[in-house]
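Visitor: Dropping in input-v4.txt, with compact mmCIF, C-alpha atoms.
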```txt
# COMPACT_ATOMS: atom_id res chain seq x y z
CA MET A 1 0.00 0.00 0.00
CA ASP A 2 1.46 3.35 -1.08
CA ILE A 3 0.68 5.67 1.83
CA LYS A 4 1.01 9.42 1.26
CA PHE A 5 2.45 11.34 4.20
CA ASN A 6 1.06 14.87 4.42
CA LEU A 7 2.39 15.67 7.87
CA LYS A 8 2.27 18.82 9.98
CA PRO A 9 5.38 21.01 9.74
CA ALA A 10 8.00 19.88 12.24
CA SER A 11 7.50 23.11 14.20
CA GLU A 12 3.82 22.22 14.82
CA ARG A 13 4.07 18.59 15.88
CA ARG A 14 5.48 16.81 18.90
CA THR A 15 9.26 16.55 18.85
CA GLU A 16 9.87 15.20 22.39
CA PRO A 17 8.41 12.19 24.22
CA PHE A 18 5.09 12.88 25.94
CA VAL A 19 5.64 13.00 29.70
CA PRO A 20 2.27 13.84 31.31
CA GLN A 21 2.27 16.12 34.34
CA GLY A 22 -0.93 14.60 35.72
CA GLU A 23 -3.51 11.92 35.03
CA VAL A 24 -3.98 11.47 31.29
CA GLY A 25 -7.48 10.01 31.47
CA PHE A 26 -8.88 7.60 28.92
CA GLY A 27 -9.81 8.55 25.37
CA ARG A 28 -9.62 12.33 25.75
CA LEU A 29 -6.36 13.23 23.97
CA ARG A 30 -5.45 12.94 20.26
CA THR A 31 -2.13 12.71 18.48
CA ASP A 32 -0.96 15.02 15.69
CA HIS A 33 -2.18 12.93 12.75
CA MET A 34 -4.80 10.51 11.48
CA PHE A 35 -4.92 7.94 8.70
CA MET A 36 -7.59 8.18 5.98
CA MET A 37 -8.59 6.17 2.92
CA ASP A 38 -11.66 6.32 0.70
CA TYR A 39 -13.82 3.73 -1.03
CA GLN A 40 -15.49 4.36 -4.38
CA ASP A 41 -16.02 2.54 -7.67
CA GLY A 42 -15.52 -0.76 -5.87
CA GLU A 43 -12.04 -0.19 -4.42
CA TRP A 44 -10.18 1.44 -1.53
CA LEU A 45 -8.17 4.46 -2.73
CA ASP A 46 -5.80 7.23 -1.65
CA PRO A 47 -4.28 5.95 1.64
CA ARG A 48 -2.83 8.95 3.46
CA ILE A 49 -1.70 10.25 6.82
CA VAL A 50 -2.79 13.84 7.41
CA PRO A 51 -2.98 16.29 10.33
CA TYR A 52 -5.73 15.46 12.81
CA GLY A 53 -8.70 17.70 12.12
CA PRO A 54 -12.33 17.99 11.00
CA PHE A 55 -13.78 16.04 8.08
CA GLU A 56 -15.42 17.69 5.11
CA MET A 57 -18.70 15.84 4.62
CA ALA A 58 -21.89 16.44 2.66
CA PRO A 59 -24.99 17.12 4.79
CA GLY A 60 -26.60 14.22 2.93
CA ALA A 61 -23.83 11.75 3.79
CA MET A 62 -25.60 8.48 4.47
CA ALA A 63 -23.78 7.79 7.76
CA LEU A 64 -25.48 10.85 9.21
CA HIS A 65 -28.97 9.69 8.26
CA TYR A 66 -28.94 5.91 8.31
CA GLY A 67 -26.14 5.13 10.74
CA GLN A 68 -23.99 3.11 8.38
CA SER A 69 -20.87 3.32 10.53
CA ILE A 70 -18.67 0.81 12.37
CA PHE A 71 -15.58 1.06 14.55
CA GLU A 72 -12.97 -0.88 16.47
CA GLY A 73 -10.96 -0.36 19.65
CA ALA A 74 -7.45 -1.68 20.30
CA LYS A 75 -4.36 -0.78 22.31
CA ALA A 76 -0.61 -0.44 21.84
CA PHE A 77 1.86 -0.62 24.71
CA MET A 78 5.44 0.42 25.36
CA HIS A 79 7.69 -2.45 26.52
CA GLU A 80 10.83 -2.24 28.59
CA ASP A 81 12.94 -1.96 25.42
CA GLY A 82 11.31 1.40 24.70
CA GLU A 83 9.53 0.10 21.61
CA ILE A 84 5.77 0.16 20.99
CA TYR A 85 3.87 -3.08 20.48
CA THR A 86 0.27 -3.71 19.40
CA PHE A 87 -1.83 -6.44 21.01
CA ARG A 88 -3.76 -8.92 18.82
CA LEU A 89 -4.47 -6.22 16.26
CA ASN A 90 -5.23 -8.85 13.62
CA LYS A 91 -8.28 -9.89 15.67
CA ASN A 92 -9.60 -6.32 15.51
CA ALA A 93 -9.11 -6.31 11.75
CA GLU A 94 -11.04 -9.58 11.46
CA ARG A 95 -13.86 -8.21 13.61
CA MET A 96 -14.01 -4.99 11.61
CA ASN A 97 -14.84 -7.03 8.54
CA ARG A 98 -17.43 -9.10 10.43
CA SER A 99 -19.11 -5.86 11.47
CA ALA A 100 -18.86 -4.59 7.90
CA ASP A 101 -20.68 -7.66 6.60
CA ILE A 102 -23.54 -7.13 9.05
CA VAL A 103 -24.18 -3.50 8.03
CA CYS A 104 -23.37 -3.89 4.31
CA ILE A 105 -20.05 -2.03 4.28
CA PRO A 106 -17.37 -3.36 1.90
CA ASN A 107 -14.58 -5.32 3.56
CA LEU A 108 -11.19 -3.69 4.01
CA PRO A 109 -8.33 -6.22 3.63
CA GLU A 110 -6.81 -7.02 7.01
CA ALA A 111 -3.27 -6.37 5.77
CA MET A 112 -4.25 -2.83 4.74
CA GLN A 113 -5.84 -2.17 8.13
CA LEU A 114 -2.71 -3.34 9.94
CA GLU A 115 -0.35 -1.36 7.73
CA ALA A 116 -2.42 1.79 8.17
CA ILE A 117 -2.46 1.53 11.96
CA ASN A 118 1.24 0.69 12.26
CA ALA A 119 2.22 3.56 9.97
CA LEU A 120 0.18 6.03 12.00
CA ILE A 121 1.60 4.81 15.31
CA ASP A 122 5.11 5.12 13.90
CA VAL A 123 4.49 8.72 12.78
CA ASP A 124 3.08 9.72 16.18
CA ARG A 125 5.12 7.39 18.41
CA LEU A 126 6.39 10.34 20.50
CA TRP A 127 2.81 10.74 21.74
CA PHE A 128 2.98 7.53 23.77
CA PRO A 129 2.45 8.66 27.41
CA ARG A 130 5.47 7.95 29.60
CA GLN A 131 3.33 7.00 32.57
CA GLU A 132 2.68 3.76 34.50
CA GLY A 133 -0.20 1.79 32.98
CA ALA A 134 -0.47 4.01 29.90
CA CYS A 135 -1.26 2.99 26.33
CA LEU A 136 -2.05 4.33 22.90
CA TYR A 137 -5.73 3.63 22.33
CA ILE A 138 -6.38 2.87 18.66
CA ARG A 139 -9.73 3.79 17.08
CA PRO A 140 -10.25 2.65 13.45
CA PHE A 141 -13.67 3.35 11.95
CA ILE A 142 -15.56 3.33 8.64
CA PHE A 143 -18.54 5.51 7.73
CA ALA A 144 -20.74 6.01 4.66
CA THR A 145 -20.13 9.23 2.75
CA GLU A 146 -22.37 9.05 -0.34
CA ASP A 147 -24.68 12.10 -0.56
CA ARG A 148 -28.01 10.30 -1.02
CA LEU A 149 -31.25 10.20 0.94
CA SER A 150 -32.63 6.81 -0.06
CA VAL A 151 -32.34 3.87 2.32
CA SER A 152 -29.79 1.52 0.82
CA PRO A 153 -26.07 0.75 1.25
CA SER A 154 -23.80 3.64 0.35
CA SER A 155 -21.47 3.41 -2.64
CA LYS A 156 -18.80 5.57 -0.94
CA TYR A 157 -17.03 5.25 2.42
CA THR A 158 -14.15 6.67 4.42
CA PHE A 159 -11.84 4.59 6.62
CA CYS A 160 -10.07 6.56 9.32
CA VAL A 161 -7.76 5.77 12.25
CA VAL A 162 -7.16 8.11 15.19
CA LEU A 163 -4.97 7.55 18.25
CA SER A 164 -5.64 8.56 21.84
CA PRO A 165 -2.79 8.68 24.38
CA SER A 166 -4.47 7.23 27.45
CA GLY A 167 -3.69 6.49 31.07
CA ALA A 168 -4.54 3.46 33.16
CA TYR A 169 -8.30 2.84 33.13
CA TYR A 170 -8.47 2.07 36.85
CA GLY A 171 -5.49 4.01 38.12
CA LYS A 172 -3.50 1.90 40.60
CA ASN A 173 -6.28 -0.42 41.79
CA LEU A 174 -9.17 -2.41 40.35
CA ASN A 175 -12.56 -1.23 41.60
CA ALA A 176 -15.76 -3.29 41.84
CA ILE A 177 -18.81 -1.84 40.08
CA ARG A 178 -22.58 -2.41 40.25
CA LEU A 179 -24.67 -3.50 37.27
CA LEU A 180 -28.38 -2.99 36.66
CA ILE A 181 -30.14 -6.18 35.53
CA SER A 182 -32.83 -4.83 33.24
CA THR A 183 -35.89 -6.58 31.87
CA LYS A 184 -37.04 -3.32 30.26
CA TYR A 185 -34.09 -2.52 28.02
CA HIS A 186 -32.59 -4.90 25.47
CA ARG A 187 -29.39 -4.47 23.53
CA ALA A 188 -30.13 -6.75 20.57
CA VAL A 189 -32.37 -9.45 19.16
CA SER A 190 -31.49 -12.43 17.00
CA GLY A 191 -31.08 -11.49 13.37
CA GLY A 192 -30.09 -7.91 14.20
CA THR A 193 -26.78 -6.07 14.50
CA GLY A 194 -25.82 -7.16 18.02
CA ALA A 195 -22.71 -9.04 16.92
CA SER A 196 -21.23 -5.96 15.23
CA LYS A 197 -19.48 -2.85 16.53
CA ALA A 198 -22.00 -0.68 14.74
CA ALA A 199 -22.21 2.90 15.97
CA GLY A 200 -25.99 2.64 16.23
CA ASN A 201 -25.72 -0.12 18.83
CA TYR A 202 -23.97 2.28 21.15
CA ALA A 203 -26.43 5.12 20.51
CA ALA A 204 -29.22 2.73 21.43
CA SER A 205 -27.47 1.89 24.72
CA LEU A 206 -27.35 5.46 26.01
CA ARG A 207 -30.92 5.51 27.33
CA ALA A 208 -30.32 2.28 29.24
CA GLY A 209 -27.07 3.70 30.57
CA LYS A 210 -28.92 6.72 31.98
CA ALA A 211 -31.38 4.37 33.66
CA ALA A 212 -28.51 2.41 35.20
CA ALA A 213 -27.04 5.59 36.67
CA GLU A 214 -30.35 6.28 38.43
CA TYR A 215 -29.89 2.99 40.28
CA GLY A 216 -26.30 3.79 41.19
CA ALA A 217 -25.05 1.27 38.63
CA ALA A 218 -22.18 1.73 36.20
CA GLN A 219 -23.80 -0.10 33.28
CA VAL A 220 -26.64 -2.44 32.31
CA LEU A 221 -26.37 -6.22 32.24
CA TYR A 222 -28.55 -7.03 29.24
CA LEU A 223 -30.71 -10.12 28.98
CA ASP A 224 -31.96 -11.82 25.84
CA ALA A 225 -35.35 -10.80 24.44
CA SER A 226 -37.07 -13.45 26.57
CA ASN A 227 -35.46 -12.08 29.76
CA LYS A 228 -34.26 -15.60 30.60
CA TYR A 229 -30.59 -15.61 29.61
CA ILE A 230 -27.69 -13.29 30.42
CA GLU A 231 -26.10 -11.76 27.34
CA GLU A 232 -23.58 -8.95 27.82
CA VAL A 233 -22.86 -5.70 29.60
CA GLY A 234 -23.17 -2.36 27.80
CA ALA A 235 -19.55 -2.23 26.65
CA MET A 236 -18.19 -5.59 27.80
CA ASN A 237 -18.71 -9.33 27.64
CA HIS A 238 -20.00 -10.69 30.95
CA PHE A 239 -18.38 -13.56 32.89
CA HIS A 240 -18.56 -15.23 36.28
CA ILE A 241 -16.26 -17.49 38.27
CA LEU A 242 -17.30 -20.62 40.15
CA LYS A 243 -15.90 -21.60 43.55
CA ASP A 244 -13.65 -24.19 41.87
CA GLY A 245 -12.07 -21.36 39.84
CA THR A 246 -13.81 -22.11 36.52
CA ILE A 247 -14.45 -19.01 34.39
CA VAL A 248 -17.81 -19.07 32.59
CA ILE A 249 -18.50 -16.75 29.63
CA PRO A 250 -21.94 -16.65 27.96
CA GLU A 251 -21.93 -18.48 24.65
CA PHE A 252 -21.35 -16.17 21.65
CA THR A 253 -24.49 -15.69 19.57
CA ASP A 254 -25.61 -13.23 16.90
CA THR A 255 -26.78 -10.91 19.70
CA ILE A 256 -23.43 -10.76 21.53
CA LEU A 257 -20.33 -8.91 20.34
CA ARG A 258 -17.40 -11.32 20.26
CA SER A 259 -14.96 -9.70 22.67
CA ILE A 260 -11.29 -10.09 21.77
CA THR A 261 -10.51 -10.00 25.48
CA SER A 262 -12.95 -12.89 26.06
CA GLU A 263 -11.44 -14.84 23.18
CA SER A 264 -8.00 -14.26 24.69
CA ILE A 265 -9.10 -15.48 28.13
CA LEU A 266 -10.49 -18.63 26.51
CA ALA A 267 -7.03 -19.26 25.05
CA LEU A 268 -5.19 -18.57 28.32
CA SER A 269 -6.71 -21.25 30.56
CA GLU A 270 -3.34 -23.00 31.07
CA GLU A 271 -1.57 -19.73 31.86
CA LEU A 272 -4.35 -18.78 34.30
CA GLY A 273 -4.37 -22.22 35.90
CA CYS A 274 -8.10 -22.71 35.59
CA LYS A 275 -10.82 -23.96 33.27
CA VAL A 276 -12.56 -21.51 30.97
CA ARG A 277 -15.77 -22.44 29.19
CA GLN A 278 -18.72 -20.93 27.35
CA GLU A 279 -22.35 -21.86 27.85
CA PRO A 280 -25.80 -20.26 27.88
CA VAL A 281 -26.33 -18.64 31.31
CA LEU A 282 -29.85 -18.68 32.74
CA LEU A 283 -30.50 -15.57 34.85
CA GLU A 284 -32.47 -17.52 37.46
CA LYS A 285 -29.64 -20.01 38.00
CA PHE A 286 -27.02 -17.27 37.93
CA ILE A 287 -28.69 -15.43 40.81
CA ALA A 288 -29.28 -18.65 42.75
CA ASP A 289 -25.62 -19.61 42.36
CA ILE A 290 -24.49 -16.21 43.66
CA GLU A 291 -26.74 -16.54 46.68
CA SER A 292 -25.58 -20.11 47.40
CA GLY A 293 -21.91 -19.19 47.07
CA GLU A 294 -21.34 -21.36 43.98
CA ILE A 295 -20.44 -18.16 42.08
CA VAL A 296 -17.69 -16.31 43.93
CA GLU A 297 -16.68 -13.55 41.47
CA ALA A 298 -18.13 -11.87 38.38
CA GLY A 299 -17.32 -9.10 35.96
CA GLY A 300 -16.87 -7.95 32.40
CA PHE A 301 -14.15 -8.37 29.77
CA GLY A 302 -13.37 -5.52 27.36
CA THR A 303 -10.58 -3.62 25.64
CA ALA A 304 -10.72 -0.42 27.67
CA ALA A 305 -10.63 -1.85 31.20
CA VAL A 306 -9.50 -5.44 30.39
CA VAL A 307 -11.43 -6.71 33.44
CA SER A 308 -14.19 -4.87 35.31
CA PRO A 309 -15.03 -6.65 38.58
CA VAL A 310 -18.71 -6.62 39.55
CA GLY A 311 -19.44 -6.39 43.27
CA SER A 312 -23.21 -6.36 43.08
CA TYR A 313 -26.26 -6.41 40.82
CA ILE A 314 -29.43 -4.40 41.27
CA PHE A 315 -32.82 -5.20 39.76
CA GLU A 316 -35.34 -2.64 38.61
CA ASP A 317 -37.44 -3.34 41.73
CA GLY A 318 -34.49 -2.31 43.92
CA ARG A 319 -33.40 -5.79 44.96
CA VAL A 320 -29.61 -6.07 45.33
CA VAL A 321 -27.56 -9.25 44.99
CA THR A 322 -23.94 -9.09 46.19
CA VAL A 323 -21.22 -11.31 44.72
CA GLY A 324 -19.06 -12.78 47.49
CA ASP A 325 -18.06 -9.94 49.80
CA GLY A 326 -18.66 -7.34 47.10
CA GLN A 327 -14.95 -6.68 46.65
CA VAL A 328 -12.41 -7.56 43.96
CA GLY A 329 -11.60 -11.25 44.31
CA PRO A 330 -8.30 -13.14 43.89
CA HIS A 331 -9.26 -14.81 40.61
CA ILE A 332 -10.05 -11.50 38.89
CA SER A 333 -6.87 -9.95 40.29
CA ARG A 334 -4.84 -12.79 38.76
CA ILE A 335 -6.64 -12.55 35.41
CA TYR A 336 -5.89 -8.83 35.25
CA LYS A 337 -2.25 -9.32 36.25
CA VAL A 338 -1.56 -12.10 33.73
CA PHE A 339 -3.36 -10.35 30.88
CA THR A 340 -1.76 -6.94 31.36
CA GLU A 341 1.70 -8.44 31.84
CA ILE A 342 1.38 -10.15 28.44
CA GLN A 343 0.28 -6.87 26.87
CA LYS A 344 3.24 -5.02 28.40
CA GLY A 345 5.80 -7.69 27.48
CA LEU A 346 6.48 -8.62 31.11
CA ARG A 347 5.25 -12.18 30.58
CA PRO A 348 5.45 -14.30 27.42
CA GLY A 349 2.13 -14.80 25.69
CA PRO A 350 1.02 -17.00 22.81
CA ASP A 351 3.03 -16.58 19.62
CA GLY A 352 2.04 -13.55 17.57
CA TRP A 353 -0.12 -11.83 20.17
CA VAL A 354 2.17 -8.81 20.48
CA LYS A 355 3.76 -7.21 17.42
CA LYS A 356 6.42 -4.52 17.37
CA VAL A 357 5.60 -1.31 15.52
CA GLU A 358 8.53 -1.00 13.18
CA HIS A 359 10.30 2.26 12.40
CA ARG A 360 9.67 3.11 8.77
CA ALA A 361 12.55 4.26 6.62
CA GLY A 362 12.76 8.05 6.51
```
Would you write the structure of this file as C-alpha cells?
Guide:
Amino acid sequence: MDIKFNLKPASERRTEPFVPQGEVGFGRLRTDHMFMMDYQDGEWLDPRIVPYGPFEMAPGAMALHYGQSIFEGAKAFMHEDGEIYTFRLNKNAERMNRSADIVCIPNLPEAMQLEAINALIDVDRLWFPRQEGACLYIRPFIFATEDRLSVSPSSKYTFCVVLSPSGAYYGKNLNAIRLLISTKYHRAVSGGTGASKAAGNYAASLRAGKAAAEYGAAQVLYLDASNKYIEEVGAMNHFHILKDGTIVIPEFTDTILRSITSESILALSEELGCKVRQEPVLLEKFIADIESGEIVEAGGFGTAAVVSPVGSYIFEDGRVVTVGDGQVGPHISRIYKVFTEIQKGLRPGPDGWVKKVEHRAG
C-alpha cells in the first residue's frame, strides 16, 4: 500500500516524548495525525496520513442519516525496550470485517488495516504517554459518505484511524462496580446487529445507561429478548467465576459482540491455571448460584478496562444481589495481572499476540 504522508510542519508537531504532568485520562487526547482512505467505484483508494482535524462531509452523507458506521478499539503498549507493540491487532481487523458484513459495508483487507495503523503509530510514536499503565488507544472506523437520501447501502465510504494517548483505566487499583439487571431494556435481538461494533448499537445503549445511573449502577447487564438468559454488559462481555475457579462466559451468539478480550481469556486457561468455558447462562440459575456461594466472582471483559469486577447487581425493583463480599476477588486480580503483563511484554504470551511497531525508513 502506497501511503502518502502529508504531515504537519516539524515546528507544529510533537518533537519530544510525551511526559504527562498529571492523570492522562482515557480517550480524551489525540495525536498530531490521522490515517484516511476512501472507497469508491468498488475499491479502496488514496491511503494517506494527514494532520488530525475535521472532516469535510456532505450534509446528505448516508452515515449521518442511516447510521452506516462501524468502529474498532485496540491498544498499543510500550515495553521495557522502549519500543511500541500492538496487542492482537489482527483480531480487531477480522472483527471490523465481520461488522462490515452485518451492516453492508465493503470489507477492508486485514493487511491494509494493519499497515495503516502501524504507519500512524510510527508517525506519532512520540505521543505515547510515559506513565505507569499508559497505552495508545487505537480507534479505526468506517462511515458512509455518499450524498443520497434513499435507504440503501452507500457506494462511498471513508476509513479513518485516530490515536488517543491514554492512562490506566483504573489508576492503581481495580474497583468493583454495580450492574443494573434490566428486563425493560434490550441491547439486541437475534437477526439484528448485536454481533457488530456498529455505531448505532452504542447510541441505542445510552438511554439504558442513563437508567442504570439512576440505580447507582455503572452499566446495564442485558438479557436476551425473553429475559431468561444473560447476554452482555453495555460495553463488555460478561463472565462469572465458580468456587472451583472455573471461568464461565456466555456463549457467543448473533446478539453478543465477540470480545477479543474474552477470546483471549479462553485461550489462556493454562496460563491462568483454571478452566474456561462458554455456555448459555440462565439468569435464574445465575442469581441462585451467587446466593448459594457457587459463584464467587463476576465481571466484564473488554478492551478499555480489560477486566471490570462486579461487586453487586441491582434489579429494577431495587433488589440487590452481592457477589461474594462485594470486593475484587483473587481470581479476577490474577486474570488482570496475567493479561496486562502479556500486553506489556512482562510475561510471554502465545506466539504472535504482540507485534512490534517497526520504524519506517525516513
Visitor: What residues have an atom no more than 9 Å from (-10.7, -0.6, 28.6) in the file's own frame, counting only C-alpha atoms, and can you write them as a PDB file with C-alpha atoms, keeping the file's coordinate frame?
Guide:
```pdb
ATOM      1  CA  PHE A  26      -8.880   7.600  28.920  1.00  0.00           C
ATOM      2  CA  GLY A  73     -10.960  -0.360  19.650  1.00  0.00           C
ATOM      3  CA  ALA A  74      -7.450  -1.680  20.300  1.00  0.00           C
ATOM      4  CA  LYS A  75      -4.360  -0.780  22.310  1.00  0.00           C
ATOM      5  CA  ALA A 168      -4.540   3.460  33.160  1.00  0.00           C
ATOM      6  CA  TYR A 169      -8.300   2.840  33.130  1.00  0.00           C
ATOM      7  CA  TYR A 170      -8.470   2.070  36.850  1.00  0.00           C
ATOM      8  CA  PHE A 301     -14.150  -8.370  29.770  1.00  0.00           C
ATOM      9  CA  GLY A 302     -13.370  -5.520  27.360  1.00  0.00           C
ATOM     10  CA  THR A 303     -10.580  -3.620  25.640  1.00  0.00           C
ATOM     11  CA  ALA A 304     -10.720  -0.420  27.670  1.00  0.00           C
ATOM     12  CA  ALA A 305     -10.630  -1.850  31.200  1.00  0.00           C
ATOM     13  CA  VAL A 306      -9.500  -5.440  30.390  1.00  0.00           C
ATOM     14  CA  VAL A 307     -11.430  -6.710  33.440  1.00  0.00           C
ATOM     15  CA  SER A 308     -14.190  -4.870  35.310  1.00  0.00           C
TER      16      SER A 308
END
```
Visitor: Hey, what's within 6 Å of range 185-194 of chain A if we count all atoms listed in the file and toss same-chain stuff fewer than 4 positions away? As a ChimeraX atom specification, please?
Guide: /A:222,254-256
Visitor: Which of these residues is nearest to Val233 in chain A, using only C-alpha atoms: A:Pro165, A:Tyr313, A:Leu282, A:Phe71?
Guide: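 Checking each candidate against Val233 in chain A, we get A:Tyr313 as the closest.
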Visitor: Here is a test: counting only C-alpha atoms, which residue of A:Val103, A:Ala225, A:Ala204, A:Leu180 is nearest to Asp317 in chain A?
Guide: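 For Asp317 in chain A, the nearest of the candidates is A:Leu180.
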Visitor: Which polymer residues have any atom within 8 Å of an atom of range 28-39 of chain A, counting all atoms listed in the file, with same-chain residues fewer than 2 positions away left out, as a ChimeraX atom specification?
Guide: /A:7-8,13-14,24-26,41-52,116-117,120,123-124,127,155-166
Visitor: Any idea what's packed within 10 Å of Ser333 in chain A, counting all atoms listed in the file, ignoring anything in its chain fewer than 6 positions away? Could you give it as number ranges by chain?
Guide: A: 173-174, 307, 309
Visitor: Given only C-alpha atoms as the basis, pick out the residue of A:Val220, A:Val276, A:Ile287, A:Val296 nearest to Arg319 in chain A.
Guide: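 Closest candidate: A:Ile287.
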Visitor: With distances taken over only C-alpha atoms, which residue among A:Pro109, A:Gly273, A:Gly324, A:Gly352 lies nearest Glu291 in chain A?
Guide: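 When distances to Glu291 in chain A are compared using only C-alpha atoms, the smallest one comes from A:Gly324.
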Visitor: A:Gln68, A:Asn118, A:Ser226, A:Ser259: which is nearest Leu283 in chain A, counting all atoms listed in the file?
Guide: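 The closest residue to Leu283 in chain A is A:Ser226.
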Visitor: If I take CA of Arg130 in chain A and CA of Ala10 in chain A, how far is one from the other in Å, to one decimal?
Guide: 21.2 Å
Visitor: With 8 Å as the threshold, what does the neighbourhood of (-18.4, -11.0, 32.2) contain in terms of residues, counting all atoms listed in the file? Coordinates are those of the file; answer as a PDB file with C-alpha atoms, keeping the file's coordinate frame.
Guide:
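Below is the file that was written, part.pdb:
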```pdb
ATOM      1  CA  GLU A 232     -23.580  -8.950  27.820  1.00  0.00           C
ATOM      2  CA  VAL A 233     -22.860  -5.700  29.600  1.00  0.00           C
ATOM      3  CA  MET A 236     -18.190  -5.590  27.800  1.00  0.00           C
ATOM      4  CA  ASN A 237     -18.710  -9.330  27.640  1.00  0.00           C
ATOM      5  CA  HIS A 238     -20.000 -10.690  30.950  1.00  0.00           C
ATOM      6  CA  PHE A 239     -18.380 -13.560  32.890  1.00  0.00           C
ATOM      7  CA  HIS A 240     -18.560 -15.230  36.280  1.00  0.00           C
ATOM      8  CA  ILE A 249     -18.500 -16.750  29.630  1.00  0.00           C
ATOM      9  CA  PRO A 250     -21.940 -16.650  27.960  1.00  0.00           C
ATOM     10  CA  ALA A 298     -18.130 -11.870  38.380  1.00  0.00           C
ATOM     11  CA  GLY A 299     -17.320  -9.100  35.960  1.00  0.00           C
ATOM     12  CA  GLY A 300     -16.870  -7.950  32.400  1.00  0.00           C
ATOM     13  CA  PHE A 301     -14.150  -8.370  29.770  1.00  0.00           C
TER      14      PHE A 301
END
```
Visitor: Between CA of Arg207 in chain A and CA of Ser154 in chain A, what distance in Å does the model show, to one decimal?
Guide: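 Straight-line distance from CA of Arg207 in chain A to CA of Ser154 in chain A works out to 28.0 Å.
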Visitor: Using all atoms listed in the file, pick whichever of A:Leu114, A:Asn97, A:Asn201, A:Ser69 has the shortest atom-to-atom distance to Ile142 in chain A.
Guide: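 The closest residue to Ile142 in chain A is A:Ser69.
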Visitor: If you measure from CA of Glu358 in chain A to CA of Asp122 in chain A, what distance in Å do you get, rounded to one decimal?
Guide: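 About the pair CA of Glu358 in chain A and CA of Asp122 in chain A: they are 7.0 Å apart.
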Visitor: Would you list the contacts of Ile241 in chain A as an mmCIF file with C-alpha atoms, in the coordinates of the input, taking every protein, DNA or RNA residue within 8 Å and counting only C-alpha atoms, but skipping same-chain residues closer than 3 positions in sequence?
Guide:
```
data_model
loop_
_atom_site.group_PDB
_atom_site.id
_atom_site.type_symbol
_atom_site.label_atom_id
_atom_site.label_comp_id
_atom_site.auth_asym_id
_atom_site.auth_seq_id
_atom_site.Cartn_x
_atom_site.Cartn_y
_atom_site.Cartn_z
ATOM 1 C CA GLY A 245 -12.070 -21.360 39.840
ATOM 2 C CA THR A 246 -13.810 -22.110 36.520
ATOM 3 C CA ILE A 247 -14.450 -19.010 34.390
ATOM 4 C CA VAL A 248 -17.810 -19.070 32.590
ATOM 5 C CA ILE A 295 -20.440 -18.160 42.080
ATOM 6 C CA VAL A 296 -17.690 -16.310 43.930
ATOM 7 C CA GLU A 297 -16.680 -13.550 41.470
ATOM 8 C CA ALA A 298 -18.130 -11.870 38.380
ATOM 9 C CA HIS A 331 -9.260 -14.810 40.610
#
```
Visitor: I'd like the contact shell of range 146-149 of chain A - 10 Å cut-off, only C-alpha atoms, skipping same-chain residues fewer than 3 positions apart - returned as a list of chain:residue names.
Guide: A:Gln40, A:Met57, A:Ala58, A:Pro59, A:Gly60, A:Ala61, A:Met62, A:Ala63, A:Leu64, A:His65, A:Tyr66, A:Phe143, A:Ser152, A:Pro153, A:Ser154, A:Ser155, A:Lys156, A:Tyr157, A:Thr158
